[in-house]
Amino acid sequence: MDFFDLNIDIPFKLPRFREKTRVAVTGLSKSGKSVFLTSLIYQLLADDKIEYVHRKSGKKFSVKLMPPESSIARFDYYNFVREFRSKNPTWPKSTKSVTKTTLEINVKSRYDWIENKKIDLELIDYPGEWLLDLDMQGRNFEDWSLNILEISKQNSRKELIKEYLNTISNIDLYNDSDEMEDEKIVEEYKKYLKLCYEKGLSFIQPGRLLQPGDLSNDPILLFAPLPSPQVLAKVGKNSIYARFKNRYERYVKEVVKKLHLDHFQNFDTQVVLIDLLKALEHSKESFEDMRYSIKKILENFTYGKNYFLSKLFGLKIERVIFAATKADLIPKDQIEEYKKLLEDMIYEIKRELDVEHIETDVTVIASVKCAETVYVEIDGKKVACLKGILEGEEEPSVHYPGTLPKSLKDEDLWSREFKFPNFKPPRFPQSNNEAPPHIRMDRIIYDILKDKL
Ligand SMILES: Nc1nc2c(ncn2[C@@H]2O[C@H](COP(=O)(O)OP(=O)(O)OP(=O)(O)O)[C@@H](O)[C@H]2O)c(=O)[nH]1
Ligand SMILES: [Mg+2]
């Protein structure tokens with residue numbers, strides 16, 4: 001028997017500090033952040049839904065949503081659930097601002113004489129487009145422009161940027177001028193970014209141009225990358241170049257830095273959500289571009305082992321969980337290949353984290369499972385397909401998404417075609433005691449919470 005197991009009769013309970021933990025849910029736009037958060041909260045709120053976590057941790061706990069803070073909008077959980085529970089369930093709309101939610105986890109103490117442990121689990125949601133702009137910090141306008149224009153020379157971007165380059169080549173960028181052409185240039189650049197997006201490319205800067213949120217119509221976003229002048233000193237103070245430079249620097253300082261300081265710091269765990277289906281549907285180029293974007297994004301977070309002092313001065317990320325999302329759209333006998341593809345994408349990033357002794361996990365999930373695997377006979381061969389209800393339809397239908405090969409060698413993988421159906425979400429259960437269908441959400445929730453409980 002150890003000391004703590006002594007049944008001591010004390011007339012009061014030993015108090016405990018309230019603990020706080022911040023989990024960074026990181027992902028490009030449409031990677032599945034808002035759906036993930038909704039599913040995670042849904043499953044945690046009623047404890048019998050999350051039986052796996054109770055069993056694995058050996059802890060008893062209950063969870064409740066804390067009231068919203070006045071300084072920041074609350075994650076729209078109740079509305080998202082209402083939509084998921086409605087007769088015609090719908091996905092949340094693209095996120096347009098930063099929102100936050102805090103869950104209080106009340107972990108039952110093993111001993112009558114020690115108070116229960118209370119943990120505040122803080123989560124934020126934000127538009128994925130804004131995340132890539134964090135990478136603009138520390139670069140001046142010249143460097144940023146140079147980098148963006150260099151990248152635009154690569155592969156299919158070369159074609160997509162042509163119109164933009166053509167536009168700016170016909171405008172005097174360096175001598176004083178009125179602001180008449182500013183909007184035209186930015187509009188043309190925005191078209192280029194949209195084309196990149198449609199091609200399945202992820203590296204889009206400034207992402208804010210595609211999802212401006214509260215900055216729509218704000219002139220601070222009126223800038224785009226420009227070639228450096230021959231002699232900087234000769235550039236007119238009222239030239240397009242000078243105005244764009246000025247707005248860029250204000251955007252980075254007043255918007256991006258603030259966003260970083262206010263919301264993207266002090267995490268101890270990170271969940272990186274990656275929508276590999278997007279890359280599969282597009283191309284190898286889309287895959288490589290996604291890898292580059294994720295690498296750039298992660299450079300903005302602070303990793304390290306948490307010793308007492310670093311706890312005082314701000315948390316560092318100690319564990320990173322990489323998760324390929326929407327795994328319900330991969331036939332179940334190909335899930336291992338889907339995971340291998342994720343491992344391939346993050347191989348270098350993971351190695352760097354390993355060197356820093358940061359714990360990493362790799363998994364595949366579906367926050368909300370919308371499809372079943374069915375086998376269809378085509379030309380005498382059994383082919384794995386997906387059955388679900390397409391958006392806008394009422395009855396289920398069967399679709400062939402493509403087949404992941406056993407080997408991920410370029411010639412096996414990137415020569416194949418994939419098309420993943422847009423299924424509606426299933427209607428969420430009307431009672432709180434039943435979880436919506438998912439794939440491995442309980443496992444990832446356990447991984448997030450395991451050393452906090
Ligand atoms: N089949 C399936 N589709 C999903 C799942 N999660 C998300 N999706 C799809 O992906 C879309 C985007 O998901 P969101 O959670 O809104 O993505 P996000 O990362 O919050 O996107 P932004 O707010 O634009 O940054 C949804 O509208 C669904 O169509 C899932 O688990 N399974
Ligand atoms: Mg969202």
# chains A, B, ... in the order shown; residues from 1 in each chain; ligands from 1
call {"tool": "residues_near_ligand", "arguments": {"ligand": "ligand 1", "cutoff": "9 Å", "atoms": "only C-alpha atoms and all ligand atoms", "output": "PDB file with C-alpha atoms, in the first residue's frame"}}
result
ATOM      1  CA  THR A  26      -3.562  23.574 -37.440  1.00  0.00           C
ATOM      2  CA  GLY A  27      -4.675  23.103 -41.023  1.00  0.00           C
ATOM      3  CA  LEU A  28      -4.941  24.756 -44.379  1.00  0.00           C
ATOM      4  CA  SER A  29      -8.310  25.986 -45.592  1.00  0.00           C
ATOM      5  CA  LYS A  30     -10.882  23.168 -45.967  1.00  0.00           C
ATOM      6  CA  SER A  31      -8.614  20.694 -44.227  1.00  0.00           C
ATOM      7  CA  GLY A  32     -11.446  19.989 -41.802  1.00  0.00           C
ATOM      8  CA  LYS A  33     -10.681  22.104 -38.700  1.00  0.00           C
ATOM      9  CA  SER A  34     -14.208  23.280 -37.881  1.00  0.00           C
ATOM     10  CA  VAL A  35     -15.729  19.833 -38.406  1.00  0.00           C
ATOM     11  CA  PHE A  36     -12.946  18.266 -36.316  1.00  0.00           C
ATOM     12  CA  LEU A  37     -13.529  20.680 -33.447  1.00  0.00           C
ATOM     13  CA  THR A  38     -17.298  20.142 -33.560  1.00  0.00           C
ATOM     14  CA  SER A  39     -16.877  16.368 -33.522  1.00  0.00           C
ATOM     15  CA  THR A  90     -25.158  20.507 -43.668  1.00  0.00           C
ATOM     16  CA  TRP A  91     -21.456  21.134 -43.139  1.00  0.00           C
ATOM     17  CA  PRO A  92     -20.305  24.306 -41.382  1.00  0.00           C
ATOM     18  CA  LYS A  93     -19.560  27.209 -43.699  1.00  0.00           C
ATOM     19  CA  SER A  94     -15.958  28.360 -44.255  1.00  0.00           C
ATOM     20  CA  THR A  95     -14.683  30.106 -41.181  1.00  0.00           C
ATOM     21  CA  LYS A  96     -14.396  33.880 -41.485  1.00  0.00           C
ATOM     22  CA  SER A  97     -12.926  34.962 -38.151  1.00  0.00           C
ATOM     23  CA  ASP A 125     -10.808  28.027 -34.884  1.00  0.00           C
ATOM     24  CA  TYR A 126      -9.857  30.396 -37.684  1.00  0.00           C
ATOM     25  CA  PRO A 127      -9.854  30.614 -41.476  1.00  0.00           C
ATOM     26  CA  GLY A 128      -7.148  28.317 -42.844  1.00  0.00           C
ATOM     27  CA  GLU A 129      -6.150  30.966 -45.375  1.00  0.00           C
ATOM     28  CA  TRP A 130      -4.838  33.207 -42.603  1.00  0.00           C
ATOM     29  CA  LEU A 131      -2.375  30.639 -41.336  1.00  0.00           C
ATOM     30  CA  GLN A 211     -10.666  35.264 -47.081  1.00  0.00           C
ATOM     31  CA  LEU A 273      -4.914  18.267 -40.080  1.00  0.00           C
ATOM     32  CA  ASP A 275      -6.517  16.890 -46.459  1.00  0.00           C
ATOM     33  CA  THR A 325      -8.595  13.903 -42.581  1.00  0.00           C
ATOM     34  CA  LYS A 326     -11.740  12.687 -44.406  1.00  0.00           C
ATOM     35  CA  ALA A 327     -10.547   9.068 -44.264  1.00  0.00           C
ATOM     36  CA  ASP A 328     -14.149   7.910 -44.725  1.00  0.00           C
ATOM     37  CA  LEU A 329     -13.666   8.730 -48.409  1.00  0.00           C
ATOM     38  CA  ILE A 365      -9.296  10.171 -39.133  1.00  0.00           C
ATOM     39  CA  ALA A 366     -12.764  11.068 -40.271  1.00  0.00           C
ATOM     40  CA  SER A 367     -14.310  13.567 -37.874  1.00  0.00           C
ATOM     41  CA  VAL A 368     -17.709  12.682 -39.318  1.00  0.00           C
ATOM     42  CA  LYS A 369     -18.090   9.506 -41.334  1.00  0.00           C
ATOM     43  CA  CYS A 370     -20.355   9.985 -44.346  1.00  0.00           C
ATOM     44  CA  ALA A 371     -19.547   6.963 -46.465  1.00  0.00           C
ATOM     45  CA  PHE A 420     -13.901  11.965 -54.142  1.00  0.00           C
ATOM     46  CA  PRO A 421     -17.648  12.506 -53.921  1.00  0.00           C
ATOM     47  CA  ASN A 422     -19.098  15.419 -51.947  1.00  0.00           C
ATOM     48  CA  PHE A 423     -21.276  13.507 -49.558  1.00  0.00           C
ATOM     49  CA  LYS A 424     -23.607  15.171 -47.095  1.00  0.00           C
ATOM     50  CA  PRO A 425     -22.883  14.537 -43.446  1.00  0.00           C
ATOM     51  CA  HIS A 438     -16.470   8.778 -37.126  1.00  0.00           C
ATOM     52  CA  ILE A 439     -13.152   7.083 -37.782  1.00  0.00           C
TER      53      ILE A 439
END
call {"tool": "select_by_dssp", "arguments": {"residues": "segment 83-171 of chain A", "states": "alpha helix (DSSP H)", "output": "VMD selection string"}}
result
chain A and resid 83 to 85 128 to 131 141 to 151 157 to 160 162 to 169
call {"tool": "residues_around", "arguments": {"residues": "Pro225 of chain A", "least_positions_apart": "4", "cutoff": "10 Å", "atoms": "only C-alpha atoms", "output": "VMD selection string"}}
result
chain A and resid 141 to 149 185 to 186 189 205 to 206 241 244 to 245 248
call {"tool": "write_last_selection", "arguments": {"atoms": "C-alpha atoms", "output": "JSON list (two decimals), in the first residue's frame"}}
result
[["chain", "number", "residue", "atom", "x", "y", "z"],
["A", 141, "PHE", "CA", 8.38, 43.76, -49.07],
["A", 142, "GLU", "CA", 11.38, 43.26, -51.37],
["A", 143, "ASP", "CA", 12.17, 39.80, -49.98],
["A", 144, "TRP", "CA", 8.56, 38.72, -49.95],
["A", 145, "SER", "CA", 7.96, 39.88, -53.53],
["A", 146, "LEU", "CA", 11.12, 38.19, -54.71],
["A", 147, "ASN", "CA", 10.13, 34.92, -53.05],
["A", 148, "ILE", "CA", 6.57, 34.97, -54.39],
["A", 149, "LEU", "CA", 7.70, 35.82, -57.93],
["A", 185, "ILE", "CA", -3.25, 45.15, -59.97],
["A", 186, "VAL", "CA", -4.50, 43.56, -56.78],
["A", 189, "TYR", "CA", -3.10, 39.09, -58.45],
["A", 205, "GLN", "CA", -0.05, 34.51, -49.93],
["A", 206, "PRO", "CA", -1.57, 36.66, -48.69],
["A", 241, "TYR", "CA", 5.67, 50.38, -55.45],
["A", 244, "PHE", "CA", 2.27, 48.57, -51.88],
["A", 245, "LYS", "CA", 5.42, 48.38, -49.76],
["A", 248, "TYR", "CA", 2.46, 45.28, -46.93]]
call {"tool": "closest_residue", "arguments": {"among": "A:Arg427, A:Arg443, A:Lys305, A:Arg416", "to": "Pro89 of chain A", "atoms": "only C-alpha atoms"}}
result
A:Arg427
call {"tool": "closest_residue", "arguments": {"among": "A:Leu390, A:Met180, A:Leu342, A:Ala384", "to": "Glu288 of chain A", "atoms": "only C-alpha atoms"}}
result
A:Leu342
call {"tool": "atom_distance", "arguments": {"atom1": "atom CA of Glu352 of chain A", "atom2": "atom CA of Lys56 of chain A"}}
result
29.4 Å
call {"tool": "residues_around", "arguments": {"residues": "segment 296-300 of chain A", "least_positions_apart": "2", "cutoff": "6 Å", "atoms": "only C-alpha atoms", "output": "PyMOL selection string"}}
result
chain A and resi 132+293-294
call {"tool": "closest_residue", "arguments": {"among": "A:Arg139, A:Lys406, A:Arg351, A:Lys100", "to": "Glu122 of chain A", "atoms": "only C-alpha atoms"}}
result
A:Lys100
call {"tool": "closest_residue", "arguments": {"among": "A:Ile41, A:Ala24, A:Leu222, A:Val255", "to": "Met136 of chain A", "atoms": "only C-alpha atoms"}}
result
A:Val255
call {"tool": "atom_distance", "arguments": {"atom1": "atom CA of Asn106 of chain A", "atom2": "atom CA of Lys59 of chain A"}}
result
10.3 Å
call {"tool": "atom_distance", "arguments": {"atom1": "atom CA of Ile105 of chain A", "atom2": "atom CA of Arg18 of chain A"}}
result
10.1 Å
call {"tool": "closest_residue", "arguments": {"among": "A:Ile274, A:Leu280, A:Val355, A:Val374", "to": "Glu343 of chain A", "atoms": "only C-alpha atoms"}}
result
A:Ile274
call {"tool": "residues_around", "arguments": {"residues": "segment 233-237 of chain A", "least_positions_apart": "6", "cutoff": "7 Å", "atoms": "only C-alpha atoms", "output": "MDAnalysis selection string"}}
result
chainID A and resid 174:176
call {"tool": "decode", "arguments": {"residues": "segment 233-268 of chain A", "atoms": "N, CA and C atoms", "output": "compact mmCIF listing (two decimals), in the first residue's frame"}}
result
# COMPACT_ATOMS: atom_id res chain seq x y z
N ALA A 233 16.32 53.96 -54.21
CA ALA A 233 16.28 55.38 -53.83
C ALA A 233 15.54 56.24 -54.84
N LYS A 234 15.45 55.74 -56.06
CA LYS A 234 14.81 56.56 -57.10
C LYS A 234 13.29 56.34 -57.17
N VAL A 235 12.78 55.43 -56.36
CA VAL A 235 11.34 55.14 -56.41
C VAL A 235 10.56 56.30 -55.82
N GLY A 236 9.54 56.75 -56.55
CA GLY A 236 8.73 57.89 -56.10
C GLY A 236 8.00 57.56 -54.81
N LYS A 237 7.89 58.57 -53.94
CA LYS A 237 7.22 58.36 -52.64
C LYS A 237 5.74 58.02 -52.82
N ASN A 238 5.18 58.51 -53.93
CA ASN A 238 3.76 58.23 -54.20
C ASN A 238 3.58 57.26 -55.35
N SER A 239 4.57 56.41 -55.55
CA SER A 239 4.46 55.42 -56.63
C SER A 239 3.67 54.20 -56.14
N ILE A 240 3.28 53.36 -57.09
CA ILE A 240 2.57 52.13 -56.73
C ILE A 240 3.48 51.28 -55.83
N TYR A 241 4.73 51.20 -56.21
CA TYR A 241 5.67 50.38 -55.45
C TYR A 241 5.72 50.84 -53.99
N ALA A 242 5.84 52.17 -53.80
CA ALA A 242 5.95 52.70 -52.43
C ALA A 242 4.65 52.44 -51.66
N ARG A 243 3.53 52.60 -52.32
CA ARG A 243 2.25 52.37 -51.61
C ARG A 243 2.09 50.90 -51.23
N PHE A 244 2.42 50.00 -52.16
CA PHE A 244 2.27 48.57 -51.88
C PHE A 244 3.22 48.15 -50.74
N LYS A 245 4.43 48.70 -50.80
CA LYS A 245 5.42 48.38 -49.76
C LYS A 245 4.90 48.83 -48.38
N ASN A 246 4.36 50.03 -48.39
CA ASN A 246 3.86 50.58 -47.14
C ASN A 246 2.69 49.74 -46.58
N ARG A 247 1.77 49.39 -47.46
CA ARG A 247 0.61 48.61 -47.00
C ARG A 247 1.04 47.21 -46.56
N TYR A 248 1.96 46.61 -47.31
CA TYR A 248 2.46 45.28 -46.93
C TYR A 248 3.03 45.34 -45.52
N GLU A 249 3.86 46.35 -45.28
CA GLU A 249 4.52 46.40 -43.98
C GLU A 249 3.52 46.66 -42.85
N ARG A 250 2.51 47.47 -43.16
CA ARG A 250 1.46 47.69 -42.15
C ARG A 250 0.67 46.40 -41.92
N TYR A 251 0.36 45.69 -43.00
CA TYR A 251 -0.42 44.44 -42.87
C TYR A 251 0.33 43.44 -41.97
N VAL A 252 1.63 43.30 -42.25
CA VAL A 252 2.41 42.32 -41.46
C VAL A 252 2.46 42.74 -39.99
N LYS A 253 2.70 44.04 -39.78
CA LYS A 253 2.88 44.51 -38.41
C LYS A 253 1.55 44.58 -37.64
N GLU A 254 0.54 45.15 -38.28
CA GLU A 254 -0.69 45.42 -37.54
C GLU A 254 -1.67 44.23 -37.54
N VAL A 255 -1.60 43.41 -38.57
CA VAL A 255 -2.59 42.32 -38.64
C VAL A 255 -1.94 40.96 -38.33
N VAL A 256 -0.90 40.62 -39.09
CA VAL A 256 -0.33 39.26 -38.95
C VAL A 256 0.33 39.08 -37.59
N LYS A 257 1.17 40.05 -37.21
CA LYS A 257 1.88 39.93 -35.92
C LYS A 257 0.87 39.86 -34.78
N LYS A 258 -0.16 40.67 -34.89
CA LYS A 258 -1.16 40.73 -33.82
C LYS A 258 -1.89 39.37 -33.73
N LEU A 259 -2.24 38.85 -34.90
CA LEU A 259 -2.92 37.55 -34.95
C LEU A 259 -2.03 36.48 -34.29
N HIS A 260 -0.75 36.56 -34.63
CA HIS A 260 0.21 35.59 -34.09
C HIS A 260 0.28 35.69 -32.55
N LEU A 261 0.46 36.93 -32.10
CA LEU A 261 0.62 37.13 -30.65
C LEU A 261 -0.67 36.79 -29.89
N ASP A 262 -1.79 37.18 -30.46
CA ASP A 262 -3.06 36.98 -29.75
C ASP A 262 -3.52 35.52 -29.75
N HIS A 263 -3.23 34.81 -30.84
CA HIS A 263 -3.88 33.49 -30.96
C HIS A 263 -2.96 32.31 -31.24
N PHE A 264 -1.77 32.52 -31.75
CA PHE A 264 -0.97 31.38 -32.18
C PHE A 264 0.26 31.16 -31.30
N GLN A 265 0.07 31.29 -30.02
CA GLN A 265 1.18 31.08 -29.09
C GLN A 265 0.70 30.23 -27.92
N ASN A 266 1.68 29.77 -27.15
CA ASN A 266 1.38 29.09 -25.90
C ASN A 266 0.55 27.82 -26.04
N PHE A 267 0.93 26.99 -26.98
CA PHE A 267 0.27 25.69 -27.11
C PHE A 267 1.17 24.63 -26.51
N ASP A 268 0.57 23.53 -26.03
CA ASP A 268 1.44 22.43 -25.61
C ASP A 268 1.29 21.22 -26.52
